[in-house]
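Printed here is data.txt (compact mmCIF, C-alpha atoms and all ligand atoms):
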```
# COMPACT_ATOMS: atom_id res chain seq x y z
CA MET C 282 0.91 14.02 0.43
CA ILE C 283 0.05 10.41 -0.23
CA THR C 284 2.38 7.80 1.24
CA ILE C 285 2.65 4.45 -0.54
CA ILE C 286 3.99 1.32 1.15
CA PRO C 287 4.51 -1.78 -1.02
CA GLY C 288 4.60 -4.74 1.37
CA SER C 289 7.01 -6.93 -0.58
CA ASN C 290 10.77 -7.38 -0.32
CA ARG C 291 10.95 -9.56 -3.45
CA ALA C 292 13.11 -8.38 -6.35
CA ASN C 293 10.83 -7.75 -9.35
CA SER C 294 7.77 -7.64 -7.10
CA THR C 295 4.56 -6.95 -9.01
CA THR C 296 3.09 -5.40 -5.85
CA ALA C 297 5.95 -2.89 -5.92
CA ALA C 298 5.48 -2.38 -9.69
CA ALA C 299 1.81 -1.54 -9.15
CA CYS C 300 2.72 0.82 -6.31
CA ARG C 301 5.31 2.61 -8.47
CA TYR C 302 2.69 3.02 -11.20
CA ILE C 303 0.29 4.48 -8.62
CA ARG C 304 2.99 6.88 -7.41
CA ASP C 305 3.66 8.03 -10.98
CA PHE C 306 -0.07 8.36 -11.77
CA LEU C 307 -0.67 10.44 -8.64
CA ALA C 308 2.34 12.64 -9.39
CA ALA C 309 1.17 13.15 -12.98
CA THR C 310 -2.20 14.32 -11.66
CA GLY C 311 -0.61 16.91 -9.37
CA GLU C 312 -0.53 14.93 -6.13
CA GLU C 313 2.64 14.68 -4.07
CA ALA C 314 3.26 10.95 -3.66
CA VAL C 315 6.10 9.25 -1.78
CA LEU C 316 6.90 5.53 -1.84
CA PHE C 317 8.62 3.84 1.10
CA ASP C 318 10.44 0.74 -0.19
CA LEU C 319 10.60 -2.02 2.43
CA LYS C 320 13.09 -3.97 0.29
CA GLU C 321 15.62 -1.13 0.25
CA ARG C 322 14.78 0.01 3.79
CA PRO C 323 14.07 -3.22 5.73
CA LEU C 324 12.65 -2.77 9.20
CA PRO C 325 13.65 -4.80 12.25
CA PHE C 326 11.11 -7.23 13.66
CA PHE C 327 8.79 -5.27 15.87
CA SER C 328 8.83 -6.13 19.58
CA PRO C 329 6.81 -4.32 22.27
CA ASP C 330 9.84 -4.79 24.56
CA GLN C 331 12.06 -2.57 22.43
CA THR C 332 12.16 1.08 21.42
CA PHE C 333 12.77 1.72 17.74
CA SER C 334 12.76 5.52 17.71
CA GLY C 335 16.52 5.48 17.00
CA ASN C 336 16.10 3.33 13.91
CA PRO C 337 16.30 5.66 10.86
CA ALA C 338 14.03 3.53 8.65
CA VAL C 339 11.34 3.25 11.34
CA ALA C 340 11.58 6.99 12.02
CA GLU C 341 11.30 7.86 8.32
CA LEU C 342 8.32 5.56 7.76
CA THR C 343 6.58 6.93 10.85
CA ALA C 344 7.09 10.51 9.67
CA LEU C 345 5.85 9.70 6.16
CA VAL C 346 2.66 8.11 7.51
CA ARG C 347 2.07 10.91 10.03
CA GLU C 348 2.47 13.62 7.37
CA ALA C 349 0.30 11.86 4.79
CA HIS C 350 -3.32 12.83 4.17
CA GLY C 351 -3.85 9.55 2.33
CA LEU C 352 -2.13 6.18 2.04
CA VAL C 353 -1.72 3.25 -0.32
CA LEU C 354 -0.86 -0.13 1.18
CA GLY C 355 0.30 -2.87 -1.19
CA THR C 356 0.73 -6.55 -0.40
CA PRO C 357 1.26 -9.83 -2.16
CA GLU C 358 -1.30 -12.45 -1.12
CA TYR C 359 0.56 -14.86 1.16
CA HIS C 360 -1.33 -17.88 2.47
CA GLY C 361 -4.64 -16.12 2.10
CA SER C 362 -3.52 -12.96 3.88
CA LEU C 363 -1.18 -9.97 3.75
CA SER C 364 2.62 -10.33 3.81
CA GLY C 365 4.55 -10.44 7.06
CA VAL C 366 6.72 -7.60 5.74
CA LEU C 367 3.72 -5.26 5.55
CA LYS C 368 2.21 -6.41 8.85
CA ASN C 369 5.55 -5.85 10.59
CA ALA C 370 5.72 -2.32 9.16
CA LEU C 371 2.18 -1.58 10.37
CA ASP C 372 3.00 -2.89 13.85
CA HIS C 373 5.83 -0.33 14.11
CA LEU C 374 3.50 2.63 13.55
CA PRO C 375 2.27 4.60 16.57
CA ASP C 376 -1.36 4.84 17.67
CA GLY C 377 -3.28 7.41 15.66
CA ALA C 378 -0.97 7.36 12.64
CA PHE C 379 -3.85 6.27 10.37
CA ALA C 380 -6.73 7.94 12.20
CA GLY C 381 -9.22 9.55 9.83
CA LYS C 382 -7.01 9.00 6.78
CA PRO C 383 -8.17 7.29 3.59
CA VAL C 384 -6.30 4.13 2.62
CA LEU C 385 -6.31 2.40 -0.76
CA CYS C 386 -5.36 -1.30 -0.62
CA VAL C 387 -3.58 -3.13 -3.44
CA CYS C 388 -2.91 -6.85 -3.68
CA SER C 389 -1.05 -9.03 -6.18
CA ALA C 390 -2.03 -12.70 -6.04
CA GLY C 391 -0.90 -15.89 -7.74
CA GLY C 392 -4.53 -16.90 -8.22
CA ALA C 393 -7.27 -14.99 -9.97
CA LEU C 394 -7.96 -12.62 -7.05
CA GLY C 395 -6.24 -11.28 -3.95
CA THR C 396 -9.41 -10.46 -2.07
CA SER C 397 -8.55 -12.50 1.00
CA ALA C 398 -5.47 -10.39 1.74
CA LEU C 399 -7.43 -7.23 0.85
CA THR C 400 -10.20 -8.13 3.29
CA HIS C 401 -7.70 -8.77 6.10
CA LEU C 402 -5.89 -5.52 5.31
CA GLN C 403 -9.13 -3.56 5.43
CA ALA C 404 -9.93 -5.09 8.84
CA ILE C 405 -6.56 -3.81 10.09
CA ILE C 406 -7.27 -0.34 8.68
CA ARG C 407 -10.58 -0.23 10.54
CA THR C 408 -8.80 -1.27 13.74
CA VAL C 409 -6.31 1.61 13.48
CA HIS C 410 -9.17 4.03 12.67
CA GLY C 411 -8.25 4.58 9.04
CA VAL C 412 -10.90 5.03 6.35
CA THR C 413 -10.93 2.33 3.70
CA CYS C 414 -11.22 3.64 0.15
CA PRO C 415 -14.37 2.35 -1.58
CA HIS C 416 -12.11 0.99 -4.34
CA TRP C 417 -9.47 -1.69 -3.94
CA ILE C 418 -7.10 -3.18 -6.47
CA SER C 419 -6.76 -6.92 -6.89
CA ILE C 420 -4.13 -7.97 -9.41
CA GLY C 421 -4.66 -11.57 -10.42
CA GLY C 422 -2.08 -13.97 -11.79
CA HIS C 423 -3.17 -13.49 -15.42
CA VAL C 424 -2.66 -9.69 -15.54
CA LYS C 425 0.59 -9.11 -13.67
CA GLN C 426 2.70 -7.72 -16.51
CA PHE C 427 4.00 -4.16 -16.40
CA GLY C 428 5.56 -2.50 -19.46
CA ALA C 429 8.86 -0.63 -19.80
CA ASP C 430 6.95 2.59 -19.05
CA GLY C 431 5.85 1.10 -15.72
CA ALA C 432 2.18 0.87 -16.69
CA PRO C 433 0.11 -2.32 -16.51
CA GLU C 434 -0.04 -4.01 -19.91
CA ASN C 435 -3.65 -5.02 -19.31
CA ALA C 436 -5.79 -2.01 -20.29
CA LYS C 437 -8.66 -2.91 -17.94
CA LEU C 438 -6.31 -3.20 -14.97
CA ARG C 439 -4.81 0.15 -15.86
CA GLU C 440 -8.27 1.73 -15.99
CA ARG C 441 -9.16 0.19 -12.62
CA ILE C 442 -5.97 1.46 -11.00
CA ASP C 443 -6.46 4.95 -12.46
CA ALA C 444 -10.06 5.04 -11.21
CA ALA C 445 -8.99 3.86 -7.74
CA CYS C 446 -6.32 6.58 -7.59
CA ARG C 447 -8.90 9.24 -8.50
CA ALA C 448 -11.25 7.88 -5.81
CA LEU C 449 -8.45 8.01 -3.23
CA LYS C 450 -7.62 11.61 -4.15
CA ASP C 451 -11.28 12.58 -3.95
CA LEU C 452 -11.72 10.92 -0.54
CA ALA C 453 -8.51 12.51 0.75
CA ARG C 454 -9.75 15.93 -0.32
CA ARG C 455 -13.11 15.40 1.42
CA LEU C 456 -11.56 14.12 4.65
CA ARG C 457 -8.80 16.70 4.93
CA PRO C 458 -9.26 19.22 7.74
CA ALA C 459 -10.35 22.57 6.25
CA GLU C 460 -7.41 24.48 7.74
CA SER C 461 -4.90 22.34 5.84
CA LEU C 462 -6.49 22.85 2.40
C1 LIG J 501 4.78 -17.58 0.84
C2 LIG J 501 3.83 -17.39 -0.31
C3 LIG J 501 2.50 -17.63 -0.13
C4 LIG J 501 1.58 -17.41 -1.19
N1 LIG J 501 0.24 -17.62 -0.97
C5 LIG J 501 -0.63 -17.35 -1.95
C6 LIG J 501 -2.03 -17.49 -1.73
O1 LIG J 501 -2.48 -17.85 -0.66
N2 LIG J 501 -2.89 -17.17 -2.74
C7 LIG J 501 -2.42 -16.75 -3.97
O2 LIG J 501 -3.24 -16.48 -4.85
N3 LIG J 501 -1.10 -16.62 -4.21
C8 LIG J 501 -0.21 -16.89 -3.23
N4 LIG J 501 1.15 -16.73 -3.44
C9 LIG J 501 1.57 -16.18 -4.74
C10 LIG J 501 1.77 -14.67 -4.66
O3 LIG J 501 0.65 -14.05 -4.08
C11 LIG J 501 1.95 -14.10 -6.06
O4 LIG J 501 3.06 -14.70 -6.69
C12 LIG J 501 2.09 -12.59 -6.01
O5 LIG J 501 1.93 -12.07 -7.32
C13 LIG J 501 3.43 -12.19 -5.47
O6 LIG J 501 3.52 -10.79 -5.44
P1 LIG J 501 4.91 -10.03 -5.75
O7 LIG J 501 5.11 -10.11 -7.24
O8 LIG J 501 4.70 -8.67 -5.26
O9 LIG J 501 5.98 -10.79 -5.02
C14 LIG J 501 2.05 -16.97 -2.44
C15 LIG J 501 3.44 -16.74 -2.61
C16 LIG J 501 4.31 -16.94 -1.56
C17 LIG J 501 5.79 -16.66 -1.77
```

If you took the structure in this file and wrote it as structure tokens, what would it be?
Ligand SMILES: Cc1cc2nc3c(=O)[nH]c(=O)nc-3n(C[C@H](O)[C@H](O)[C@H](O)COP(=O)(O)O)c2cc1C
Amino acid sequence: MITIIPGSNRANSTTAAACRYIRDFLAATGEEAVLFDLKERPLPFFSPDQTFSGNPAVAELTALVREAHGLVLGTPEYHGSLSGVLKNALDHLPDGAFAGKPVLCVCSAGGALGTSALTHLQAIIRTVHGVTCPHWISIGGHVKQFGADGAPENAKLRERIDAACRALKDLARRLRPAESL
């Protein structure tokens, strides 16, 4: 299973639109893909002083990340970095939740590229012992339209997303413990 977390709580978020397209692409290629929507299931602010195991949204997200053999993390570029909504979600996850798992990063930016947020996100993935996918997806301000079918209107962006999804699936297959195949 691949778990997808769009790190935006904005209505009509293009980060979320890209993540929904990725979910649908993965499903169409035979991969179980689940999207956890932080707008519909907002998480409390993380605090090390509190226990959140009784919070249903935190528990569900934790289970979805633990069960996943691959992940997609989406974020809008905010002030040259990832969104607070995504960072807060990552702070809730227990040690080891990402260990050895491939992670594809997706960013939607107002400018031409979202590579600053993507770079910061990849540094976080390294820190939690995840494996960054060799592809990443940067959605610039000029190609942020998604059609009624949910697909990017820009053909080159669509091709890049499709290729990144295939690379994630391939990496997930290679990294998966043999007994679970
Ligand atoms: C608080 C805030 C900070 C932002 N900072 C940047 C930025 O540093 N660089 C950039 O290119 N766009 C920036 N933007 C624009 C968003 O990255 C852009 O609109 C993005 O597509 C939003 O994604 P969404 O559609 O998922 O909400 C910022 C937007 C907000 C609300």

Who sits within 10 Å of region 374-376 of chain C, all atoms listed in the file, same chain under 3 positions skipped, as a ChimeraX atom specification: /C:327,339-340,342-344,346-347,369-371,379-380,409-410

As JSON: centre and edge lengths in Å, one decimal, of the axis-aligned box holding ligand LIG 501 (chain J) with 4 Å per side:
```
{"center_x": 1.4, "center_y": -13.3, "center_z": -3.2, "size_x": 17.2, "size_y": 17.2, "size_z": 16.2}
```

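Minimum atom-to-atom distances from C:Ile283, C:Leu345, C:Val315, C:Cys388 to ligand LIG 501 (chain J) were compared using all atoms listed in the file, and the lowest value belongs to C:Cys388.
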
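Using only C-alpha atoms and all ligand atoms, the shortest contact distance between ligand LIG 501 (chain J) and any of C:Val384, C:Ile405, C:Ala308, C:Leu363 is found at C:Leu363.
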
Counting only C-alpha atoms and all ligand atoms, which residues in chain C sit no more than 8 Å from ligand LIG 501 (chain J)? For each one, give the nearest pair of atoms and the distance in Å, sorted by chain then residue number, as JSON lines.
```
{"residue": "C:Gly288", "atom": "CA", "partner": "J:LIG501", "partner_atom": "O8", "distance": 7.7}
{"residue": "C:Ser289", "atom": "CA", "partner": "J:LIG501", "partner_atom": "O8", "distance": 5.5}
{"residue": "C:Asn290", "atom": "CA", "partner": "J:LIG501", "partner_atom": "O9", "distance": 7.5}
{"residue": "C:Arg291", "atom": "CA", "partner": "J:LIG501", "partner_atom": "O9", "distance": 5.4}
{"residue": "C:Ala292", "atom": "CA", "partner": "J:LIG501", "partner_atom": "O9", "distance": 7.6}
{"residue": "C:Asn293", "atom": "CA", "partner": "J:LIG501", "partner_atom": "O7", "distance": 6.5}
{"residue": "C:Ser294", "atom": "CA", "partner": "J:LIG501", "partner_atom": "O7", "distance": 3.6}
{"residue": "C:Thr295", "atom": "CA", "partner": "J:LIG501", "partner_atom": "O7", "distance": 3.7}
{"residue": "C:Thr296", "atom": "CA", "partner": "J:LIG501", "partner_atom": "O8", "distance": 3.7}
{"residue": "C:Ala297", "atom": "CA", "partner": "J:LIG501", "partner_atom": "O8", "distance": 6.0}
{"residue": "C:Ala298", "atom": "CA", "partner": "J:LIG501", "partner_atom": "O8", "distance": 7.7}
{"residue": "C:Thr356", "atom": "CA", "partner": "J:LIG501", "partner_atom": "O8", "distance": 6.6}
{"residue": "C:Pro357", "atom": "CA", "partner": "J:LIG501", "partner_atom": "O6", "distance": 4.1}
{"residue": "C:Glu358", "atom": "CA", "partner": "J:LIG501", "partner_atom": "O3", "distance": 3.9}
{"residue": "C:Tyr359", "atom": "CA", "partner": "J:LIG501", "partner_atom": "N1", "distance": 3.5}
{"residue": "C:His360", "atom": "CA", "partner": "J:LIG501", "partner_atom": "O1", "distance": 3.3}
{"residue": "C:Gly361", "atom": "CA", "partner": "J:LIG501", "partner_atom": "O1", "distance": 3.9}
{"residue": "C:Ser362", "atom": "CA", "partner": "J:LIG501", "partner_atom": "O1", "distance": 6.8}
{"residue": "C:Cys388", "atom": "CA", "partner": "J:LIG501", "partner_atom": "O6", "distance": 7.7}
{"residue": "C:Ser389", "atom": "CA", "partner": "J:LIG501", "partner_atom": "O5", "distance": 4.4}
{"residue": "C:Ala390", "atom": "CA", "partner": "J:LIG501", "partner_atom": "O3", "distance": 3.6}
{"residue": "C:Gly391", "atom": "CA", "partner": "J:LIG501", "partner_atom": "N3", "distance": 3.6}
{"residue": "C:Gly392", "atom": "CA", "partner": "J:LIG501", "partner_atom": "O2", "distance": 3.6}
{"residue": "C:Ala393", "atom": "CA", "partner": "J:LIG501", "partner_atom": "O2", "distance": 6.7}
{"residue": "C:Leu394", "atom": "CA", "partner": "J:LIG501", "partner_atom": "O2", "distance": 6.5}
{"residue": "C:Gly395", "atom": "CA", "partner": "J:LIG501", "partner_atom": "O2", "distance": 6.1}
{"residue": "C:Ile420", "atom": "CA", "partner": "J:LIG501", "partner_atom": "O5", "distance": 7.6}
{"residue": "C:Gly421", "atom": "CA", "partner": "J:LIG501", "partner_atom": "O5", "distance": 7.3}
{"residue": "C:Gly422", "atom": "CA", "partner": "J:LIG501", "partner_atom": "O5", "distance": 6.3}
{"residue": "C:Lys425", "atom": "CA", "partner": "J:LIG501", "partner_atom": "O5", "distance": 7.1}
```

All residues 9 Å or closer to Gln426 (chain C), only C-alpha atoms, same chain fewer than 3 positions away omitted, as number ranges by chain: C: 295, 423, 432-435

Selection near Met282 (chain C), 7 Å with all atoms listed in the file, sequence-local residues under 6 positions removed, as number ranges by chain: C: 312-314, 349-351

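The interatomic distance for the pair CA of Lys368 (chain C) and CA of Lys382 (chain C) works out to 18.1 Å.
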
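Picture a line from CA of Thr396 (chain C) to CA of Asp451 (chain C); it runs 23.2 Å.
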